[in-house]
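Structure, as structure tokens:
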Amino acid sequence: MPTAVAVADFRSFPLISALNGVQNLAEQVLIEWADGRISPFHHVWLRDNCPCPDCVYSVTREQVFEIIDAPADLAPAAVRIDSDGYLRIDWQDGHRSRFDAGWLRAHAYDDDSRAERLAAKPRAYLWRSDLQLPVFDYAALMNDNAALLQWLIAVRDIGLTQVRGVPTAPGSLQLIAQRISFIRESNFGVLFNVQSKADADSNAYTAFNLPLHTDLPTRELQPGLQFLHCLVNDAEGGESIFVDGFAIADALREEDPPSFQALCEIPVEFRNKDRHSDYRCLAPIIALDALGRVTEIRMANFLRGAFETSVEQMPKLYRAYRRFIAMTREPRFRLMQRLNPGELWCFDNRRTLHARNAFDPATGARHFQGCYIDRDELLSRILVLQR
Ligand code: OGA
Ligand code: ZN
Ligand code: ZN
């Protein structure tokens, strides 16, 4: 007999409340928990989630069974709670299932259980100019997984962090970024060098000011995390500025609902081209999730194409666009700080907009290195560190 796993997962599920009673109804099994909660589970759902070695491969913990291979009206012949506290089901077709109570509770879909899980989900902490900037120490992040986890949670929930004590040798950024995951390469390199240069292929590589923006809005998937590491900063000017794009979008929704709606609905083109590449992406500036919450901001005025929308919509789009940019310039939202050599910013590029003031290359050198990591890698790393 192949090794059995209790659950189709690599972690265990604490027993929040034991199984107290079980009843088999026409289409569902009704569980009563020791704390009084009642959770219905449909027969089809239970059969689909059977973790037995015939249904789930114990090595990958992935399903090999497909629900279509069980009869549509399959029902239990018998249900019971065994002496170890598991739910046991003997199915009418002879198949047998055993469910871990902790796993069942963690996946129960009665209204209370779903509401509880929704409330426990990590939530974006929205911030304004008075943010207490979360600052982390390079050596701790490199050596201590607990410190690393604290940092990653701050990146996830606040979307802006600073790390100090980073070596200023070029390439050092790669070592700390790889504490999270592999780097997302782009046409600007694995690491990109932010330096004023004569043959600039982006305004970023000049000494101009860069207004508040996200990087690579020209891609279907904008990079999730951005790092900017300061190696040299002797030039006058060049201060970093950040705003919480989610906080601005929420304020816009309150203060000017038609503009908010226009930015959610009307797609805008972003483009970036040089002799060898031509990237374009057409998408609205504000993206919402299925629950109507803001999940992404896409914005870089210097990478934007000409607006193309209907004659009726054009004035609405300009009104909304002006309003959004005006808000990014409001002091209530802006955090400004000059980055010193050995410091880096790590922020959520799909949420936190960043800018830099113009600098004067005649007064000294300025050299930053940057890179990107996707949000999926951050979230996966957090979950594995939490196991
Ligand atoms: C960039 C950028 C910021 C800076 O390169 O996209 O935003 O401080 N740079 O130079
Ligand atoms: Zn099975
Ligand atoms: Zn940028």
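Residue numbering restarts at 1 for every chain of the structure tokens, chains are lettered A, B, ... in their displayed order, and ligands are numbered from 1 as they appear.
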Exercise. If we count only C-alpha atoms, what is near Asp234 in chain A at a cut-off of 8 Å, once residues fewer than 2 positions away on the same chain are taken out, given as a list in words?
Worked result: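 The residues that qualify are Val232, Glu236, Thr363, Gly364, Ala365 and Arg366 of chain A.
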Test item: residues no farther than 7 Å from ligand 3, counting only C-alpha atoms and all ligand atoms, as an mmCIF file with N, CA, C and O atoms, in the first residue's frame:
```
data_model
loop_
_atom_site.group_PDB
_atom_site.id
_atom_site.type_symbol
_atom_site.label_atom_id
_atom_site.label_comp_id
_atom_site.auth_asym_id
_atom_site.auth_seq_id
_atom_site.Cartn_x
_atom_site.Cartn_y
_atom_site.Cartn_z
ATOM 1 N N ALA A 204 14.621 57.596 -17.344
ATOM 2 C CA ALA A 204 15.208 57.196 -16.059
ATOM 3 C C ALA A 204 16.723 57.379 -16.079
ATOM 4 O O ALA A 204 17.334 57.643 -15.053
ATOM 5 N N HIS A 213 5.673 57.231 -10.638
ATOM 6 C CA HIS A 213 5.393 56.206 -11.645
ATOM 7 C C HIS A 213 5.587 54.804 -11.096
ATOM 8 O O HIS A 213 6.175 54.611 -10.034
ATOM 9 N N THR A 214 5.098 53.834 -11.858
ATOM 10 C CA THR A 214 5.456 52.429 -11.661
ATOM 11 C C THR A 214 6.419 52.067 -12.786
ATOM 12 O O THR A 214 6.374 52.672 -13.859
ATOM 13 N N ASP A 215 7.292 51.078 -12.548
ATOM 14 C CA ASP A 215 8.222 50.669 -13.605
ATOM 15 C C ASP A 215 7.579 49.601 -14.498
ATOM 16 O O ASP A 215 6.782 48.783 -14.030
ATOM 17 N N HIS A 354 6.856 55.642 -7.355
ATOM 18 C CA HIS A 354 8.117 56.257 -6.932
ATOM 19 C C HIS A 354 8.506 57.360 -7.914
ATOM 20 O O HIS A 354 8.087 57.351 -9.080
ATOM 21 N N ALA A 355 9.295 58.287 -7.405
ATOM 22 C CA ALA A 355 9.743 59.422 -8.218
ATOM 23 C C ALA A 355 11.133 59.814 -7.758
ATOM 24 O O ALA A 355 11.583 59.401 -6.690
#
```
For this session: Would you mind reading off the distance between CA of Arg105 in chain A and CA of Ile38 in chain A, one decimal, in Å?
Result: 10.4 Å
Please check which protein, DNA or RNA residues sit within 9 Å of ligand 2, counting only C-alpha atoms and all ligand atoms, and write them as a CSV table (one decimal) with N, CA and C atoms, in the first residue's frame.
```csv
chain,number,residue,atom,x,y,z
A,47,ARG,N,-16.0,14.0,-2.0
A,47,ARG,CA,-15.4,13.0,-2.9
A,47,ARG,C,-14.2,13.6,-3.6
A,48,ASP,N,-14.4,14.8,-4.1
A,48,ASP,CA,-13.4,15.6,-4.8
A,48,ASP,C,-12.1,15.8,-4.0
A,49,ASN,N,-12.3,15.9,-2.7
A,49,ASN,CA,-11.1,16.3,-1.8
A,49,ASN,C,-10.6,15.1,-1.0
A,50,CYS,N,-11.0,13.9,-1.4
A,50,CYS,CA,-10.4,12.7,-0.8
A,50,CYS,C,-8.9,12.7,-0.9
A,51,PRO,N,-8.2,12.6,0.3
A,51,PRO,CA,-6.7,12.7,0.2
A,51,PRO,C,-6.1,11.3,0.2
A,52,CYS,N,-6.8,10.2,-0.1
A,52,CYS,CA,-6.2,8.9,-0.1
A,52,CYS,C,-5.2,8.7,-1.1
A,53,PRO,N,-4.3,7.7,-1.0
A,53,PRO,CA,-3.2,7.6,-2.0
A,53,PRO,C,-3.6,7.3,-3.4
A,54,ASP,N,-4.9,6.8,-3.6
A,54,ASP,CA,-5.4,6.7,-5.0
A,54,ASP,C,-5.8,8.0,-5.6
A,55,CYS,N,-6.2,8.9,-4.7
A,55,CYS,CA,-6.7,10.2,-5.2
A,55,CYS,C,-5.6,11.3,-5.3
A,56,VAL,N,-4.6,11.2,-4.3
A,56,VAL,CA,-3.6,12.2,-4.3
A,56,VAL,C,-2.2,11.5,-4.2
A,65,PHE,N,-6.8,12.1,-9.1
A,65,PHE,CA,-8.3,11.8,-9.3
A,65,PHE,C,-8.9,13.0,-10.0
A,95,HIS,N,-15.4,3.2,-2.7
A,95,HIS,CA,-14.2,4.0,-2.3
A,95,HIS,C,-14.3,4.4,-0.8
A,96,ARG,N,-13.2,4.6,-0.2
A,96,ARG,CA,-13.2,5.0,1.2
A,96,ARG,C,-12.3,6.3,1.4
A,97,SER,N,-12.8,7.2,2.2
A,97,SER,CA,-12.1,8.4,2.4
A,97,SER,C,-12.0,8.7,3.9
A,98,ARG,N,-10.9,9.3,4.3
A,98,ARG,CA,-10.6,9.7,5.7
A,98,ARG,C,-10.1,11.1,5.7
```
Problem set entry | 9 Å contact set for Arg184 in chain A, only C-alpha atoms, chain neighbours under 4 positions out, as a list in words |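 The neighbour list is Val190, Pro223, Cys371, Tyr372, Ile373 and Asp374 of chain A.
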Convert the current residue selection to file output with all heavy atoms, as an mmCIF file, in the first residue's frame.
```cif
data_model
loop_
_atom_site.group_PDB
_atom_site.id
_atom_site.type_symbol
_atom_site.label_atom_id
_atom_site.label_comp_id
_atom_site.auth_asym_id
_atom_site.auth_seq_id
_atom_site.Cartn_x
_atom_site.Cartn_y
_atom_site.Cartn_z
ATOM 1 N N VAL A 190 19.572 42.065 -15.766
ATOM 2 C CA VAL A 190 19.202 41.415 -14.497
ATOM 3 C C VAL A 190 19.222 42.504 -13.424
ATOM 4 O O VAL A 190 18.255 42.696 -12.690
ATOM 5 C CB VAL A 190 20.201 40.283 -14.152
ATOM 6 C CG1 VAL A 190 19.905 39.716 -12.773
ATOM 7 C CG2 VAL A 190 20.133 39.192 -15.204
ATOM 8 N N PRO A 223 6.371 44.309 -12.983
ATOM 9 C CA PRO A 223 7.117 43.641 -11.913
ATOM 10 C C PRO A 223 6.486 43.943 -10.552
ATOM 11 O O PRO A 223 6.056 45.072 -10.287
ATOM 12 C CB PRO A 223 8.503 44.274 -12.002
ATOM 13 C CG PRO A 223 8.599 44.842 -13.376
ATOM 14 C CD PRO A 223 7.209 45.211 -13.777
ATOM 15 N N CYS A 371 16.605 46.219 -9.500
ATOM 16 C CA CYS A 371 16.149 44.947 -10.080
ATOM 17 C C CYS A 371 14.707 44.704 -9.674
ATOM 18 O O CYS A 371 14.137 45.453 -8.874
ATOM 19 C CB CYS A 371 17.045 43.771 -9.666
ATOM 20 S SG CYS A 371 16.924 43.307 -7.937
ATOM 21 N N TYR A 372 14.129 43.664 -10.248
ATOM 22 C CA TYR A 372 12.717 43.330 -10.013
ATOM 23 C C TYR A 372 12.571 41.868 -9.581
ATOM 24 O O TYR A 372 13.349 41.009 -10.000
ATOM 25 C CB TYR A 372 11.903 43.487 -11.301
ATOM 26 C CG TYR A 372 12.050 44.816 -11.983
ATOM 27 C CD1 TYR A 372 12.637 44.901 -13.247
ATOM 28 C CD2 TYR A 372 11.596 45.982 -11.376
ATOM 29 C CE1 TYR A 372 12.754 46.122 -13.896
ATOM 30 C CE2 TYR A 372 11.717 47.200 -12.015
ATOM 31 C CZ TYR A 372 12.301 47.272 -13.277
ATOM 32 O OH TYR A 372 12.419 48.474 -13.900
ATOM 33 N N ILE A 373 11.543 41.622 -8.790
ATOM 34 C CA ILE A 373 11.122 40.241 -8.452
ATOM 35 C C ILE A 373 9.598 40.240 -8.536
ATOM 36 O O ILE A 373 8.955 41.212 -8.119
ATOM 37 C CB ILE A 373 11.604 39.853 -7.035
ATOM 38 C CG1 ILE A 373 13.119 39.626 -7.028
ATOM 39 C CG2 ILE A 373 10.872 38.618 -6.519
ATOM 40 C CD1 ILE A 373 13.680 39.166 -5.683
ATOM 41 N N ASP A 374 8.999 39.187 -9.033
ATOM 42 C CA ASP A 374 7.541 39.165 -9.136
ATOM 43 C C ASP A 374 6.872 38.927 -7.783
ATOM 44 O O ASP A 374 7.435 38.322 -6.888
ATOM 45 C CB ASP A 374 7.085 38.133 -10.173
ATOM 46 C CG ASP A 374 7.147 38.726 -11.581
ATOM 47 O OD1 ASP A 374 6.912 39.940 -11.707
ATOM 48 O OD2 ASP A 374 7.459 37.980 -12.526
#
```
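Here the question is which of A:Ile286, A:Val64, A:Leu160, A:Met299 gets nearest to Leu131 in chain A using only C-alpha atoms, and that residue is A:Leu160.
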Exercise. So which residues touch range 289-298 of chain A within 12 Å, counting only C-alpha atoms, skipping near sequence neighbours fewer than 6 positions away, as a PyMOL selection string?
Worked result: chain A and resi 118+123-124+126+159+212-224+243-253+260-261+263-264+267-270+281-283+304+321+324+348-354+375
Atoms kept (N, CA and C atoms) for selection, written as a compact mmCIF listing (two decimals), in the first residue's frame:
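Printed below is part_36.txt as written:
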```
# COMPACT_ATOMS: atom_id res chain seq x y z
N LEU A 118 -11.71 35.28 5.41
CA LEU A 118 -11.58 36.57 4.71
C LEU A 118 -10.98 37.61 5.66
N ARG A 123 -3.96 42.21 4.84
CA ARG A 123 -4.61 43.37 4.27
C ARG A 123 -3.59 44.48 4.05
N ALA A 124 -3.75 45.23 2.98
CA ALA A 124 -2.85 46.34 2.72
C ALA A 124 -3.06 47.39 3.83
N LEU A 126 -2.80 51.04 4.44
CA LEU A 126 -2.66 52.24 3.59
C LEU A 126 -1.94 53.33 4.37
N GLY A 159 4.16 47.92 1.52
CA GLY A 159 4.53 48.21 0.13
C GLY A 159 5.69 49.16 -0.02
N LEU A 212 6.01 60.70 -10.37
CA LEU A 212 5.59 59.46 -9.71
C LEU A 212 5.10 58.44 -10.72
N HIS A 213 5.67 57.23 -10.64
CA HIS A 213 5.39 56.21 -11.64
C HIS A 213 5.59 54.80 -11.10
N THR A 214 5.10 53.83 -11.86
CA THR A 214 5.46 52.43 -11.66
C THR A 214 6.42 52.07 -12.79
N ASP A 215 7.29 51.08 -12.55
CA ASP A 215 8.22 50.67 -13.61
C ASP A 215 7.58 49.60 -14.50
N LEU A 216 7.95 49.63 -15.76
CA LEU A 216 7.48 48.67 -16.77
C LEU A 216 5.95 48.55 -16.85
N PRO A 217 5.23 49.69 -16.85
CA PRO A 217 3.78 49.62 -17.11
C PRO A 217 3.53 49.18 -18.55
N THR A 218 4.61 49.10 -19.30
CA THR A 218 4.59 48.68 -20.70
C THR A 218 4.44 47.17 -20.84
N ARG A 219 4.43 46.43 -19.72
CA ARG A 219 4.33 44.97 -19.76
C ARG A 219 2.98 44.54 -19.23
N GLU A 220 2.46 43.46 -19.81
CA GLU A 220 1.20 42.89 -19.37
C GLU A 220 1.22 42.66 -17.85
N LEU A 221 2.34 42.13 -17.36
CA LEU A 221 2.51 41.96 -15.92
C LEU A 221 3.63 42.89 -15.46
N GLN A 222 3.25 43.93 -14.72
CA GLN A 222 4.28 44.82 -14.18
C GLN A 222 5.06 44.06 -13.10
N PRO A 223 6.37 44.31 -12.98
CA PRO A 223 7.12 43.64 -11.91
C PRO A 223 6.49 43.94 -10.55
N GLY A 224 6.45 42.92 -9.70
CA GLY A 224 5.81 43.08 -8.39
C GLY A 224 6.65 43.89 -7.43
N VAL A 243 4.59 57.54 -3.01
CA VAL A 243 3.19 57.65 -2.54
C VAL A 243 2.59 56.25 -2.57
N ASP A 244 1.61 56.05 -1.70
CA ASP A 244 0.87 54.79 -1.70
C ASP A 244 -0.25 54.92 -2.74
N GLY A 245 -0.07 54.25 -3.88
CA GLY A 245 -1.05 54.35 -4.96
C GLY A 245 -2.43 53.86 -4.54
N PHE A 246 -2.46 52.87 -3.63
CA PHE A 246 -3.76 52.37 -3.17
C PHE A 246 -4.47 53.44 -2.33
N ALA A 247 -3.70 54.18 -1.53
CA ALA A 247 -4.29 55.23 -0.69
C ALA A 247 -4.84 56.34 -1.58
N ILE A 248 -4.10 56.68 -2.64
CA ILE A 248 -4.56 57.73 -3.55
C ILE A 248 -5.82 57.26 -4.30
N ALA A 249 -5.81 56.02 -4.76
CA ALA A 249 -6.97 55.50 -5.49
C ALA A 249 -8.20 55.50 -4.58
N ASP A 250 -8.02 55.10 -3.33
CA ASP A 250 -9.16 55.10 -2.40
C ASP A 250 -9.67 56.51 -2.15
N ALA A 251 -8.74 57.47 -2.02
CA ALA A 251 -9.15 58.86 -1.80
C ALA A 251 -9.87 59.39 -3.04
N LEU A 252 -9.38 59.00 -4.22
CA LEU A 252 -10.03 59.43 -5.46
C LEU A 252 -11.44 58.85 -5.55
N ARG A 253 -11.60 57.61 -5.15
CA ARG A 253 -12.92 56.97 -5.17
C ARG A 253 -13.91 57.75 -4.30
N PHE A 260 -12.51 58.24 -10.66
CA PHE A 260 -12.06 56.90 -10.25
C PHE A 260 -12.56 55.87 -11.26
N GLN A 261 -13.83 55.97 -11.61
CA GLN A 261 -14.42 55.01 -12.54
C GLN A 261 -13.74 55.06 -13.91
N LEU A 263 -10.69 55.91 -14.58
CA LEU A 263 -9.35 55.30 -14.54
C LEU A 263 -9.40 53.78 -14.37
N CYS A 264 -10.53 53.28 -13.85
CA CYS A 264 -10.70 51.82 -13.75
C CYS A 264 -11.14 51.22 -15.08
N PRO A 267 -8.92 52.05 -20.94
CA PRO A 267 -7.52 51.63 -21.09
C PRO A 267 -6.65 52.73 -21.70
N VAL A 268 -5.40 52.70 -21.29
CA VAL A 268 -4.42 53.71 -21.70
C VAL A 268 -3.20 52.92 -22.19
N GLU A 269 -2.52 53.41 -23.21
CA GLU A 269 -1.37 52.67 -23.71
C GLU A 269 -0.06 53.20 -23.12
N PHE A 270 0.79 52.26 -22.66
CA PHE A 270 2.14 52.60 -22.23
C PHE A 270 3.11 51.94 -23.19
N CYS A 281 1.68 48.16 -23.80
CA CYS A 281 0.61 47.54 -23.02
C CYS A 281 -0.55 48.51 -22.91
N LEU A 282 -1.74 47.99 -23.20
CA LEU A 282 -2.96 48.78 -23.15
C LEU A 282 -3.77 48.29 -21.95
N ALA A 283 -3.92 49.13 -20.94
CA ALA A 283 -4.65 48.71 -19.73
C ALA A 283 -5.09 49.94 -18.95
N ARG A 304 3.76 56.99 -21.61
CA ARG A 304 2.38 56.88 -22.05
C ARG A 304 2.25 57.27 -23.52
N TYR A 321 -7.33 61.84 -15.37
CA TYR A 321 -5.87 61.70 -15.40
C TYR A 321 -5.20 62.89 -14.70
N PHE A 324 -5.75 62.55 -10.95
CA PHE A 324 -4.89 61.53 -10.34
C PHE A 324 -3.47 62.09 -10.14
N ASP A 348 6.61 47.71 -3.43
CA ASP A 348 5.65 47.02 -4.28
C ASP A 348 5.40 47.91 -5.50
N ASN A 349 6.00 47.50 -6.62
CA ASN A 349 5.96 48.34 -7.82
C ASN A 349 4.57 48.42 -8.45
N ARG A 350 3.66 47.52 -8.04
CA ARG A 350 2.31 47.56 -8.61
C ARG A 350 1.38 48.33 -7.70
N ARG A 351 1.92 48.93 -6.65
CA ARG A 351 1.13 49.69 -5.70
C ARG A 351 1.75 51.05 -5.38
N THR A 352 3.02 51.02 -5.00
CA THR A 352 3.70 52.22 -4.52
C THR A 352 4.34 52.94 -5.70
N LEU A 353 3.95 54.18 -5.93
CA LEU A 353 4.56 54.93 -7.03
C LEU A 353 5.83 55.61 -6.51
N HIS A 354 6.86 55.64 -7.36
CA HIS A 354 8.12 56.26 -6.93
C HIS A 354 8.51 57.36 -7.91
N ARG A 375 5.64 39.41 -7.67
CA ARG A 375 4.88 39.32 -6.42
C ARG A 375 4.67 37.86 -6.00
```
Problem set entry | Which of range 138-361 of chain A DSSP labels strand (DSSP E or B), written as a VMD selection string | chain A and resid 160 to 164 184 186 189 192 to 194 210 to 213 225 to 233 236 to 237 240 to 244 268 to 273 278 to 283 286 to 288 294 to 297 304 335 to 337 343 to 348 352 to 356 359 to 360
Problem set entry | A:Gln226, A:Gln386, A:Ser39, A:Thr60 ranked by distance to Ala8 in chain A, top pick (using only C-alpha atoms) | A:Thr60
Exercise. Do you know which residues are at most 7 Å from Phe99 in chain A counting only C-alpha atoms, after dropping those on the same chain fewer than 4 positions away, and could you put them as a ChimeraX atom specification?
Worked result: /A:86-88,104
Dump of N, CA and C atoms for the selected residues, as a CSV table (one decimal), in the first residue's frame:
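As a result, out_17.csv now contains:
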```csv
chain,number,residue,atom,x,y,z
A,86,TYR,N,-11.0,11.5,13.1
A,86,TYR,CA,-11.1,11.7,11.6
A,86,TYR,C,-12.5,11.5,11.2
A,87,LEU,N,-12.9,12.2,10.1
A,87,LEU,CA,-14.2,11.9,9.5
A,87,LEU,C,-13.9,10.7,8.5
A,88,ARG,N,-14.7,9.7,8.6
A,88,ARG,CA,-14.6,8.5,7.7
A,88,ARG,C,-15.8,8.4,6.8
A,104,LEU,N,-10.3,19.8,7.5
A,104,LEU,CA,-11.7,20.1,7.1
A,104,LEU,C,-12.1,21.5,7.6
```
For this session: Name the closest residue to Asn357 in chain A among the candidates A:Ala207, A:Leu74, A:Leu385, A:Cys230; distances are taken between atoms, counting only C-alpha atoms.
Result: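 Looking at the shortest contact to Asn357 in chain A, the residue is A:Ala207.
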Problem set entry | DSSP helix (DSSP H, G or I) residues within range 26-275 of chain A, as a ChimeraX atom specification | /A:43-48,67-69,101-107,111-120,138-143,145-157,172-177,203-205,245-255,257-265
For this session: For CA of Thr309 in chain A and CA of Asp256 in chain A, quote the distance in Å rounded to one decimal.
Result: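 Computed distance, CA of Thr309 in chain A to CA of Asp256 in chain A, equals 20.3 Å.
The residue that comes closest to ligand 1, out of A:Glu62, A:Glu239, A:Asp157, A:Glu343 and on the basis of only C-alpha atoms and all ligand atoms, is A:Glu239.
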